[in-house]
$ cat upload.cif   # mmCIF, C-alpha atoms
data_query
#
loop_
_atom_site.label_atom_id
_atom_site.label_comp_id
_atom_site.auth_asym_id
_atom_site.auth_seq_id
_atom_site.Cartn_x
_atom_site.Cartn_y
_atom_site.Cartn_z
CA MET A 1 0.00 0.00 0.00
CA THR A 2 2.77 2.42 0.96
CA ASP A 3 4.70 1.63 -2.22
CA LYS A 4 1.62 2.23 -4.32
CA LEU A 5 0.96 5.57 -2.63
CA GLU A 6 4.56 6.63 -3.10
CA ALA A 7 4.51 5.74 -6.78
CA GLU A 8 1.33 7.71 -7.32
CA ARG A 9 2.46 10.85 -5.54
CA PRO A 10 1.97 13.87 -7.77
CA LEU A 11 4.84 16.19 -8.55
CA SER A 12 4.39 19.67 -7.12
CA PRO A 13 4.29 22.48 -9.72
CA HIS A 14 7.58 24.27 -10.43
CA LEU A 15 8.10 26.44 -13.54
CA GLN A 16 4.34 26.91 -13.69
CA ILE A 17 4.18 28.76 -10.38
CA TYR A 18 7.64 30.18 -9.61
CA ARG A 19 7.70 33.95 -9.95
CA PRO A 20 10.21 34.85 -12.70
CA MET A 21 13.12 36.93 -11.45
CA LEU A 22 15.60 38.99 -13.42
CA THR A 23 18.58 36.89 -12.32
CA MET A 24 16.80 33.68 -13.32
CA LEU A 25 15.82 35.14 -16.70
CA MET A 26 19.43 36.21 -17.30
CA SER A 27 20.55 32.64 -16.76
CA ILE A 28 18.04 31.41 -19.34
CA ALA A 29 19.04 34.24 -21.71
CA HIS A 30 22.68 33.19 -21.36
CA ARG A 31 21.76 29.69 -22.53
CA ILE A 32 19.54 30.83 -25.37
CA THR A 33 22.11 33.33 -26.67
CA GLY A 34 24.80 30.64 -26.38
CA ALA A 35 22.76 28.21 -28.45
CA SER A 36 21.81 30.86 -31.00
CA LEU A 37 25.49 31.65 -31.53
CA ALA A 38 25.74 28.27 -33.25
CA VAL A 39 23.20 29.53 -35.79
CA GLY A 40 25.04 32.85 -36.08
CA PHE A 41 28.34 31.18 -36.80
CA ALA A 42 26.65 29.04 -39.45
CA LEU A 43 25.85 32.35 -41.19
CA LEU A 44 29.50 33.35 -40.90
CA THR A 45 30.57 29.98 -42.32
CA TRP A 46 28.14 30.41 -45.18
CA TRP A 47 29.70 33.78 -45.95
CA LEU A 48 33.24 32.34 -45.83
CA VAL A 49 32.29 29.43 -48.12
CA ALA A 50 30.75 31.91 -50.56
CA VAL A 51 33.94 33.98 -50.53
CA SER A 52 35.94 30.91 -51.56
CA MET A 53 33.45 29.92 -54.26
CA GLY A 54 33.83 32.98 -56.41
CA PRO A 55 32.26 36.32 -57.25
CA GLU A 56 28.74 35.06 -58.07
CA ALA A 57 28.20 33.14 -54.85
CA TYR A 58 29.74 36.04 -52.95
CA ALA A 59 27.39 38.51 -54.58
CA SER A 60 24.30 36.48 -53.73
CA VAL A 61 25.35 36.10 -50.08
CA GLN A 62 26.16 39.81 -49.89
CA SER A 63 22.76 40.71 -51.26
CA PHE A 64 21.09 38.50 -48.64
CA PHE A 65 23.07 40.03 -45.76
CA GLY A 66 22.40 43.47 -47.23
CA SER A 67 18.64 42.89 -47.21
CA LEU A 68 16.47 43.97 -44.32
CA ILE A 69 16.07 40.39 -43.06
CA GLY A 70 19.80 39.75 -43.44
CA ARG A 71 20.68 42.86 -41.48
CA ALA A 72 18.14 42.05 -38.79
CA LEU A 73 19.68 38.57 -38.44
CA LEU A 74 23.17 39.99 -38.21
CA PHE A 75 22.03 42.57 -35.68
CA ALA A 76 20.46 39.84 -33.53
CA PHE A 77 23.64 37.78 -33.89
CA THR A 78 25.76 40.72 -32.74
CA TRP A 79 23.51 41.24 -29.74
CA ALA A 80 23.55 37.53 -28.83
CA LEU A 81 27.34 37.47 -29.10
CA ILE A 82 27.82 40.51 -26.88
CA HIS A 83 25.15 39.43 -24.41
CA HIS A 84 26.77 36.01 -24.11
CA MET A 85 30.21 37.55 -23.76
CA LEU A 86 29.08 39.88 -20.95
CA GLY A 87 27.35 36.89 -19.32
CA GLY A 88 30.60 34.98 -19.57
CA ILE A 89 32.51 37.80 -17.87
CA ARG A 90 29.86 37.82 -15.12
CA HIS A 91 30.43 34.10 -14.60
CA LEU A 92 34.22 34.59 -14.52
CA ILE A 93 33.79 37.16 -11.76
CA TRP A 94 31.49 34.83 -9.84
CA ASP A 95 34.03 32.03 -10.18
CA THR A 96 36.45 34.10 -8.12
CA GLY A 97 33.85 34.00 -5.35
CA THR A 98 32.93 37.69 -5.47
CA GLY A 99 29.85 39.56 -6.67
CA LEU A 100 27.37 37.00 -5.37
CA ASP A 101 25.55 39.16 -2.81
CA LYS A 102 21.93 40.05 -3.47
CA VAL A 103 22.61 43.67 -4.46
CA THR A 104 25.47 42.93 -6.87
CA ILE A 105 23.67 40.12 -8.71
CA GLU A 106 20.84 42.51 -9.60
CA ARG A 107 23.35 45.12 -10.80
CA PHE A 108 25.13 42.51 -12.91
CA ALA A 109 21.82 41.46 -14.48
CA LEU A 110 20.83 45.03 -15.33
CA GLY A 111 24.35 45.84 -16.46
CA THR A 112 24.36 42.90 -18.85
CA ILE A 113 21.07 43.98 -20.43
CA VAL A 114 21.98 47.65 -20.79
CA GLY A 115 25.58 46.89 -21.74
CA SER A 116 24.64 44.38 -24.42
CA VAL A 117 22.19 46.76 -26.10
CA VAL A 118 24.52 49.77 -25.93
CA LEU A 119 27.55 47.83 -27.19
CA THR A 120 25.56 46.26 -30.03
CA ILE A 121 24.43 49.69 -31.21
CA LEU A 122 27.97 51.04 -30.91
CA VAL A 123 29.37 48.14 -32.95
CA TRP A 124 26.81 48.78 -35.69
CA LEU A 125 27.39 52.52 -35.69
CA ALA A 126 31.13 51.88 -35.97
CA ALA A 127 30.55 49.35 -38.75
CA TYR A 128 28.36 51.76 -40.74
CA ASN A 129 30.93 54.45 -40.16
CA VAL A 130 33.70 52.27 -41.58
CA MET A 131 31.63 50.86 -44.46
CA GLY A 132 30.21 54.24 -45.27
CA GLY A 133 26.53 54.92 -44.86
CA LEU A 134 23.46 52.70 -45.04
CA MET B 1 15.73 14.78 -16.94
CA VAL B 2 14.26 18.05 -18.03
CA GLN B 3 10.50 17.91 -18.23
CA PHE B 4 8.93 21.34 -18.29
CA THR B 5 5.32 20.21 -17.96
CA LEU B 6 3.71 18.35 -15.09
CA PRO B 7 2.99 14.62 -15.36
CA LYS B 8 -0.62 13.67 -16.02
CA ASN B 9 -1.41 12.76 -12.41
CA SER B 10 0.00 16.11 -11.23
CA LYS B 11 -1.95 18.53 -13.40
CA ILE B 12 -3.82 20.96 -11.22
CA LYS B 13 -7.62 21.07 -11.42
CA LYS B 14 -9.91 23.86 -10.36
CA GLY B 15 -10.93 23.43 -6.72
CA LYS B 16 -13.57 24.60 -4.33
CA GLU B 17 -14.42 28.08 -3.08
CA TRP B 18 -14.93 27.55 0.63
CA ASN B 19 -16.19 30.74 2.19
CA PRO B 20 -16.70 33.58 -0.29
CA PRO B 21 -17.45 36.72 1.73
CA ALA B 22 -20.69 38.62 1.20
CA VAL B 23 -20.73 40.91 -1.83
CA ASP B 24 -20.85 44.03 0.34
CA ALA B 25 -18.10 42.78 2.70
CA ASP B 26 -15.12 45.05 3.37
CA PRO B 27 -12.48 43.94 0.82
CA ASP B 28 -9.65 45.08 3.12
CA ARG B 29 -10.89 42.76 5.81
CA TRP B 30 -11.00 39.55 3.77
CA ARG B 31 -7.79 38.28 2.24
CA GLU B 32 -8.05 35.70 -0.52
CA TYR B 33 -5.84 32.58 -0.33
CA ARG B 34 -5.49 30.03 -3.12
CA VAL B 35 -4.08 26.86 -1.67
CA TYR B 36 -2.82 23.70 -3.36
CA ARG B 37 -4.69 20.62 -2.20
CA TYR B 38 -3.97 16.97 -2.78
CA ASP B 39 -5.74 14.09 -1.10
CA PRO B 40 -3.84 10.79 -1.49
CA GLU B 41 -6.94 8.78 -0.70
CA GLY B 42 -9.34 10.25 -3.21
CA GLY B 43 -7.47 9.14 -6.31
CA GLU B 44 -8.05 12.55 -7.86
CA ASN B 45 -5.60 15.08 -9.25
CA PRO B 46 -4.38 18.00 -7.12
CA ARG B 47 -6.57 21.11 -7.09
CA VAL B 48 -6.39 24.70 -5.89
CA ASP B 49 -8.98 25.67 -3.28
CA THR B 50 -9.90 29.26 -2.44
CA TYR B 51 -10.35 30.53 1.10
CA TRP B 52 -10.98 34.00 2.47
CA VAL B 53 -9.27 34.88 5.74
CA ASP B 54 -10.73 37.44 8.12
CA MET B 55 -7.76 39.72 8.80
CA ASN B 56 -9.59 41.23 11.82
CA ASP B 57 -9.44 37.83 13.45
CA CYS B 58 -6.10 36.50 12.21
CA GLY B 59 -2.41 37.14 12.90
CA PRO B 60 -0.18 38.90 10.36
CA MET B 61 1.86 35.96 9.09
CA VAL B 62 0.96 33.57 6.29
CA LEU B 63 1.26 30.71 8.77
CA ASP B 64 -1.34 32.44 10.97
CA ALA B 65 -3.68 32.45 7.98
CA LEU B 66 -3.12 28.73 7.30
CA ILE B 67 -3.81 27.90 10.95
CA TRP B 68 -6.86 30.16 10.87
CA ILE B 69 -8.19 28.32 7.82
CA LYS B 70 -7.54 24.95 9.45
CA ASN B 71 -9.25 25.97 12.69
CA LYS B 72 -12.20 27.87 11.29
CA ILE B 73 -12.93 26.72 7.75
CA ASP B 74 -11.38 23.43 6.73
CA PRO B 75 -9.77 21.06 9.28
CA THR B 76 -8.53 18.77 6.50
CA LEU B 77 -5.98 21.33 5.25
CA THR B 78 -2.57 19.73 5.90
CA PHE B 79 0.79 21.44 6.35
CA ARG B 80 3.92 21.13 8.48
CA ARG B 81 4.66 23.73 11.14
CA SER B 82 6.32 23.81 14.51
CA CYS B 83 8.29 26.72 15.95
CA ARG B 84 6.43 29.59 14.20
CA GLU B 85 9.55 31.77 14.39
CA GLY B 86 11.84 30.75 11.53
CA VAL B 87 14.01 28.37 13.50
CA CYS B 88 12.73 24.89 12.69
CA GLY B 89 12.28 25.08 8.92
CA SER B 90 9.09 23.00 8.91
CA CYS B 91 6.70 25.43 7.21
CA SER B 92 8.77 26.01 4.06
CA MET B 93 6.51 26.27 1.02
CA ASN B 94 6.00 28.26 -2.14
CA ILE B 95 4.13 31.44 -1.23
CA ASP B 96 3.27 34.17 -3.73
CA GLY B 97 5.64 32.58 -6.27
CA THR B 98 8.69 32.28 -4.04
CA ASN B 99 9.92 29.66 -1.62
CA THR B 100 9.95 30.89 1.95
CA LEU B 101 8.82 30.10 5.47
CA ALA B 102 5.11 30.68 6.11
CA CYS B 103 5.88 31.74 9.68
CA THR B 104 8.25 34.58 8.83
CA MET B 105 6.39 35.96 5.83
CA HIS B 106 3.94 38.79 6.41
CA ALA B 107 0.75 38.39 4.39
CA GLU B 108 1.18 42.06 3.48
CA GLU B 109 4.46 41.32 1.68
CA ALA B 110 2.65 39.30 -0.99
CA GLN B 111 2.51 40.97 -4.39
CA GLY B 112 -0.51 39.08 -5.66
CA ALA B 113 -4.05 40.21 -4.74
CA ALA B 114 -4.78 36.60 -3.85
CA ILE B 115 -1.99 34.80 -2.00
CA ALA B 116 -1.11 31.59 -3.84
CA ILE B 117 0.36 28.78 -1.76
CA TYR B 118 1.91 25.61 -3.17
CA PRO B 119 4.15 22.93 -1.70
CA LEU B 120 7.92 23.28 -2.30
CA PRO B 121 8.34 22.99 -6.09
CA HIS B 122 9.17 19.82 -8.01
CA MET B 123 8.76 17.48 -5.05
CA PRO B 124 6.59 14.40 -4.59
CA VAL B 125 3.52 15.49 -2.64
CA VAL B 126 2.40 13.40 0.35
CA LYS B 127 -0.66 15.52 1.05
CA ASP B 128 -1.64 19.16 0.45
CA LEU B 129 1.41 21.29 1.37
CA VAL B 130 3.48 18.38 2.68
CA PRO B 131 6.23 17.23 0.31
CA ASP B 132 8.21 14.02 0.66
CA MET B 133 11.67 15.13 1.83
CA THR B 134 13.26 11.64 1.90
CA GLN B 135 15.69 12.26 -0.93
CA PHE B 136 16.70 15.68 0.37
CA TYR B 137 17.58 14.23 3.77
CA ALA B 138 19.36 11.28 2.17
CA GLN B 139 21.53 13.70 0.19
CA HIS B 140 22.33 15.58 3.38
CA ARG B 141 23.38 12.30 4.99
CA GLU B 142 25.57 11.59 1.99
CA ILE B 143 27.94 14.52 2.62
CA GLU B 144 28.55 13.16 6.16
CA PRO B 145 27.67 16.33 8.06
CA TRP B 146 29.71 15.72 11.19
CA LEU B 147 33.24 16.38 12.43
CA LYS B 148 35.67 13.83 11.01
CA THR B 149 39.12 13.64 12.59
CA ASP B 150 42.18 11.39 12.70
CA SER B 151 44.02 13.05 15.59
CA PRO B 152 43.39 11.66 19.06
CA THR B 153 40.37 13.26 20.71
CA PRO B 154 41.54 16.06 23.00
CA GLN B 155 40.94 16.02 26.76
CA LYS B 156 38.54 18.93 26.55
CA GLU B 157 37.05 20.48 23.42
CA TRP B 158 38.36 20.69 19.84
CA ARG B 159 40.02 24.10 19.80
CA GLN B 160 39.28 26.71 17.18
CA SER B 161 40.52 30.30 16.82
CA HIS B 162 38.03 33.16 16.65
CA GLU B 163 39.04 33.73 13.01
CA ASP B 164 38.43 30.10 12.07
CA ARG B 165 35.12 30.12 13.90
CA GLU B 166 34.07 33.18 11.91
CA LYS B 167 34.46 31.21 8.69
CA LEU B 168 31.37 29.23 9.69
CA ASP B 169 29.18 32.32 9.96
CA GLY B 170 26.61 32.33 7.19
CA LEU B 171 26.84 28.52 7.00
CA TYR B 172 25.95 27.08 10.39
CA GLU B 173 22.66 29.03 10.54
CA CYS B 174 21.08 26.86 7.82
CA ILE B 175 17.90 25.18 9.08
CA LEU B 176 17.55 22.73 6.16
CA CYS B 177 14.13 24.02 5.17
CA ALA B 178 14.96 23.21 1.50
CA CYS B 179 13.63 26.55 0.21
CA CYS B 180 16.86 27.03 -1.78
CA SER B 181 17.18 23.54 -3.23
CA THR B 182 13.58 23.40 -4.39
CA ALA B 183 13.90 26.89 -5.94
CA CYS B 184 16.79 25.71 -8.12
CA PRO B 185 15.97 24.71 -11.72
CA SER B 186 19.11 22.56 -11.83
CA TYR B 187 17.80 20.68 -8.81
CA TRP B 188 14.38 20.39 -10.48
CA TRP B 189 15.84 18.76 -13.58
CA ASN B 190 18.67 16.76 -11.99
CA GLY B 191 17.72 16.38 -8.33
CA ASP B 192 18.50 12.68 -8.49
CA ARG B 193 22.21 13.35 -9.09
CA TYR B 194 22.82 17.02 -8.27
CA LEU B 195 23.10 17.61 -4.52
CA GLY B 196 21.41 21.02 -4.61
CA PRO B 197 22.25 24.30 -2.85
CA ALA B 198 21.22 23.38 0.72
CA VAL B 199 23.32 20.22 0.85
CA LEU B 200 26.26 21.90 -0.91
CA LEU B 201 26.15 24.76 1.62
CA GLN B 202 26.37 22.11 4.33
CA ALA B 203 29.23 20.41 2.47
CA ASN B 204 31.01 23.77 2.40
CA ARG B 205 30.33 24.24 6.11
CA TRP B 206 32.38 21.08 6.85
CA VAL B 207 35.06 21.86 4.27
CA GLU B 208 35.54 25.26 5.91
CA ASP B 209 35.63 23.89 9.47
CA SER B 210 39.22 24.22 10.73
CA ARG B 211 38.74 21.27 13.11
CA ASP B 212 37.75 18.83 10.37
CA GLU B 213 40.64 16.70 9.09
CA ARG B 214 39.08 15.10 6.02
CA THR B 215 38.79 18.16 3.79
CA GLY B 216 40.47 16.45 0.83
CA GLU B 217 38.21 13.44 1.08
CA ARG B 218 35.16 15.71 1.23
CA LEU B 219 36.25 17.54 -1.91
CA ASP B 220 36.95 14.21 -3.66
CA ASP B 221 33.36 13.17 -2.99
CA LEU B 222 32.06 16.37 -4.59
CA GLU B 223 34.30 16.25 -7.68
CA ASP B 224 31.63 15.15 -10.11
CA PRO B 225 29.88 16.70 -13.12
CA PHE B 226 26.53 16.33 -11.40
CA ARG B 227 26.94 16.37 -7.61
CA LEU B 228 28.59 19.81 -7.55
CA TYR B 229 28.95 21.14 -11.08
CA ARG B 230 25.26 21.13 -12.02
CA CYS B 231 25.22 24.50 -10.30
CA HIS B 232 25.01 27.06 -13.10
CA THR B 233 24.81 30.07 -10.78
CA ILE B 234 21.13 30.70 -11.54
CA LEU B 235 20.96 32.27 -8.04
CA ASN B 236 17.38 31.33 -7.17
CA CYS B 237 18.83 29.74 -4.02
CA THR B 238 20.35 32.93 -2.67
CA LYS B 239 17.23 34.91 -3.52
CA ALA B 240 14.97 32.40 -1.78
CA CYS B 241 16.83 31.68 1.48
CA PRO B 242 14.55 32.86 4.32
CA LYS B 243 17.54 33.02 6.67
CA GLY B 244 19.43 35.43 4.39
CA LEU B 245 22.23 32.93 3.72
CA ASN B 246 24.05 32.65 0.41
CA PRO B 247 24.19 29.08 -0.95
CA ALA B 248 25.46 30.35 -4.33
CA ALA B 249 28.51 31.89 -2.64
CA ALA B 250 29.07 28.67 -0.66
CA ILE B 251 29.02 26.65 -3.88
CA ALA B 252 31.36 29.14 -5.58
CA ASN B 253 33.71 28.64 -2.65
CA LEU B 254 33.64 24.86 -3.13
CA LYS B 255 34.39 25.24 -6.84
CA ARG B 256 37.31 27.51 -5.98
CA LYS B 257 38.67 24.99 -3.47
CA MET B 258 38.60 22.39 -6.21
CA VAL B 259 40.75 24.56 -8.45
CA GLU B 260 43.09 25.69 -5.69
CA ARG B 261 44.11 22.17 -4.73
CA LEU B 262 45.07 21.22 -8.31
#

$ encode --input "upload.cif" --output "structure tokens"
Amino acid sequence: MTDKLEAERPLSPHLQIYRPMLTMLMSIAHRITGASLAVGFALLTWWLVAVSMGPEAYASVQSFFGSLIGRALLFAFTWALIHHMLGGIRHLIWDTGTGLDKVTIERFALGTIVGSVVLTILVWLAAYNVMGGL
Amino acid sequence: MVQFTLPKNSKIKKGKEWNPPAVDADPDRWREYRVYRYDPEGGENPRVDTYWVDMNDCGPMVLDALIWIKNKIDPTLTFRRSCREGVCGSCSMNIDGTNTLACTMHAEEAQGAAIAIYPLPHMPVVKDLVPDMTQFYAQHREIEPWLKTDSPTPQKEWRQSHEDREKLDGLYECILCACCSTACPSYWWNGDRYLGPAVLLQANRWVEDSRDERTGERLDDLEDPFRLYRCHTILNCTKACPKGLNPAAAIANLKRKMVERL
């Protein structure tokens, strides 16, 4: 009887009921950006392959990356890369045993969000500056 | 393994409204509580029942409200409680979306209009708000939470300097309520192999104890991709701890000890 009861015990709710917190969301974001980098680097590989295949392939890839969708993808890739990098730095700091108090972890979370957006925009402004206009 | 949804027998059904106050009742006087219920004898799925607590007649803490409901409305409501002052760790549960102790949480602190109460997350439920803690306690036993020495036992006490004693501050206060471990997604998905924040904080407490002489052995036992390294610094543990301790920092310290001894 006891065994049967134990086997039938329901599992208490978890994700369904836990209040989302910024720190927790940053951890999930770190994973998602990390995984999406694999997709981003596939784009980079595609570009490199096209470069080696000659002017026609290169031109078609360039026109895709130049399109609105292409640029949006690259912008998202840049943001994911920077977000993941800042997250990585955060983890390096934590690995030294510092920055784990309740106040600092919130600052790190906010800093990663703001920093990733600002740096992404700066990178794109710099890129447009170098490449010359839109 | 990661399973984001609840198993079929655990899906929550709509429950009963026990004592809805009169339409013209003072809304500030009646506080709404939505409480997880599970009856092991009925063969039915868990449900969420709604109660209204008369705040003119009830103490300020969430535990007061649960006791009020049990005394005045529904004697079948089941939960663990003992000290009612945050020392015993019995009344840990998920209140208003966060794991904490019912006895030290003011009902006024809740963000939700209705206060939702569930058992500690991702645990087998014995009844209502009572989870089965067997595995949690077994994991605590596994780290051998006692002083281990090879030197002959001294005539009087094991001596410790004030500085060494201070290293145990923030560790010895843990009451093993399991709020941190059951707030941790890594523990949700891999609780069978990952020790979880509460047990790792205890492990760190014995690693840091200057009187213990088996530090190396303790670290050996933790050197494992799951037991220790499933911690991904999600930090739900530190945010949940009702005693204000920092399991994440304790785990970071263990990871550092691992590297330092290489």

$ atom_distance --input "upload.cif" --atom1 "CA of His122 in chain B" --atom2 "CA of Arg47 in chain B"
15.8 Å

$ closest_residue --input "upload.cif" --among "A:Asn129, A:Leu100, A:Ala109, A:Arg31" --to "chain B" --atoms "all atoms listed in the file"
A:Leu100

$ resolve_selection --input "upload.cif" --expression "the PyMOL selection byres ((chain B) within 9 of (chain A))" --output "JSON, numbers by chain"
{"B": [4, 5, 6, 7, 8, 9, 10, 11, 12, 38, 40, 41, 43, 45, 46, 94, 96, 97, 98, 99, 116, 118, 119, 120, 121, 122, 123, 124, 125, 126, 127, 131, 182, 183, 185, 188, 232, 233, 234, 235, 236, 238, 239, 246, 248, 249, 250, 251, 252, 253, 255, 256]}

$ atom_distance --input "upload.cif" --atom1 "CA of Leu101 in chain B" --atom2 "CA of Pro242 in chain B"
6.5 Å

$ resolve_selection --input "upload.cif" --expression "the PyMOL selection byres ((chain B and resi 177) around 6)" --output "VMD selection string"
chain B and resid 89 92 175 to 176 178 to 179

$ resolve_selection --input "upload.cif" --expression "the PyMOL selection byres ((chain A and resi 32) around 12)" --output "PDB file with C-alpha atoms, keeping the file's coordinate frame"
ATOM      1  CA  LEU A  25      15.820  35.140 -16.700  1.00  0.00           C
ATOM      2  CA  MET A  26      19.430  36.210 -17.300  1.00  0.00           C
ATOM      3  CA  SER A  27      20.550  32.640 -16.760  1.00  0.00           C
ATOM      4  CA  ILE A  28      18.040  31.410 -19.340  1.00  0.00           C
ATOM      5  CA  ALA A  29      19.040  34.240 -21.710  1.00  0.00           C
ATOM      6  CA  HIS A  30      22.680  33.190 -21.360  1.00  0.00           C
ATOM      7  CA  ARG A  31      21.760  29.690 -22.530  1.00  0.00           C
ATOM      8  CA  THR A  33      22.110  33.330 -26.670  1.00  0.00           C
ATOM      9  CA  GLY A  34      24.800  30.640 -26.380  1.00  0.00           C
ATOM     10  CA  ALA A  35      22.760  28.210 -28.450  1.00  0.00           C
ATOM     11  CA  SER A  36      21.810  30.860 -31.000  1.00  0.00           C
ATOM     12  CA  LEU A  37      25.490  31.650 -31.530  1.00  0.00           C
ATOM     13  CA  ALA A  38      25.740  28.270 -33.250  1.00  0.00           C
ATOM     14  CA  VAL A  39      23.200  29.530 -35.790  1.00  0.00           C
ATOM     15  CA  PHE A  77      23.640  37.780 -33.890  1.00  0.00           C
ATOM     16  CA  TRP A  79      23.510  41.240 -29.740  1.00  0.00           C
ATOM     17  CA  ALA A  80      23.550  37.530 -28.830  1.00  0.00           C
ATOM     18  CA  LEU A  81      27.340  37.470 -29.100  1.00  0.00           C
ATOM     19  CA  HIS A  83      25.150  39.430 -24.410  1.00  0.00           C
ATOM     20  CA  HIS A  84      26.770  36.010 -24.110  1.00  0.00           C
ATOM     21  CA  GLY A  87      27.350  36.890 -19.320  1.00  0.00           C
TER      22      GLY A  87
END

$ atom_distance --input "upload.cif" --atom1 "CA of Ala203 in chain B" --atom2 "CA of Leu245 in chain B"
14.4 Å

$ residues_around --input "upload.cif" --residues "range 18-21 of chain B" --least-positions-apart "2" --cutoff "7 Å" --atoms "all atoms listed in the file" --output "list of chain:residue names"
B:Lys16, B:Val23, B:Ala25, B:Thr50, B:Tyr51, B:Trp52

$ closest_residue --input "upload.cif" --among "A:Ile82, A:Leu44, A:Val123, A:Phe75" --to "Gln62 in chain A" --atoms "all atoms listed in the file"
A:Leu44

$ closest_residue --input "upload.cif" --among "B:Glu223, B:Glu142, B:Glu32, B:Asp209" --to "His162 in chain B" --atoms "all atoms listed in the file"
B:Asp209

$ closest_residue --input "upload.cif" --among "B:Asn56, B:Ser161, B:Asn190, B:Gln3" --to "Ser210 in chain B" --atoms "only C-alpha atoms"
B:Ser161

$ closest_residue --input "upload.cif" --among "A:Ile113, A:Leu22, A:Trp124, A:Ala59" --to "Ala72 in chain A" --atoms "all atoms listed in the file"
A:Trp124

$ residues_around --input "upload.cif" --residues "Ser90 in chain B" --least-positions-apart "2" --cutoff "6 Å" --atoms "only C-alpha atoms" --output "PDB file with C-alpha atoms, keeping the file's coordinate frame"
ATOM      1  CA  ARG B  80       3.920  21.130   8.480  1.00  0.00           C
ATOM      2  CA  ARG B  81       4.660  23.730  11.140  1.00  0.00           C
ATOM      3  CA  CYS B  88      12.730  24.890  12.690  1.00  0.00           C
ATOM      4  CA  SER B  92       8.770  26.010   4.060  1.00  0.00           C
TER       5      SER B  92
END
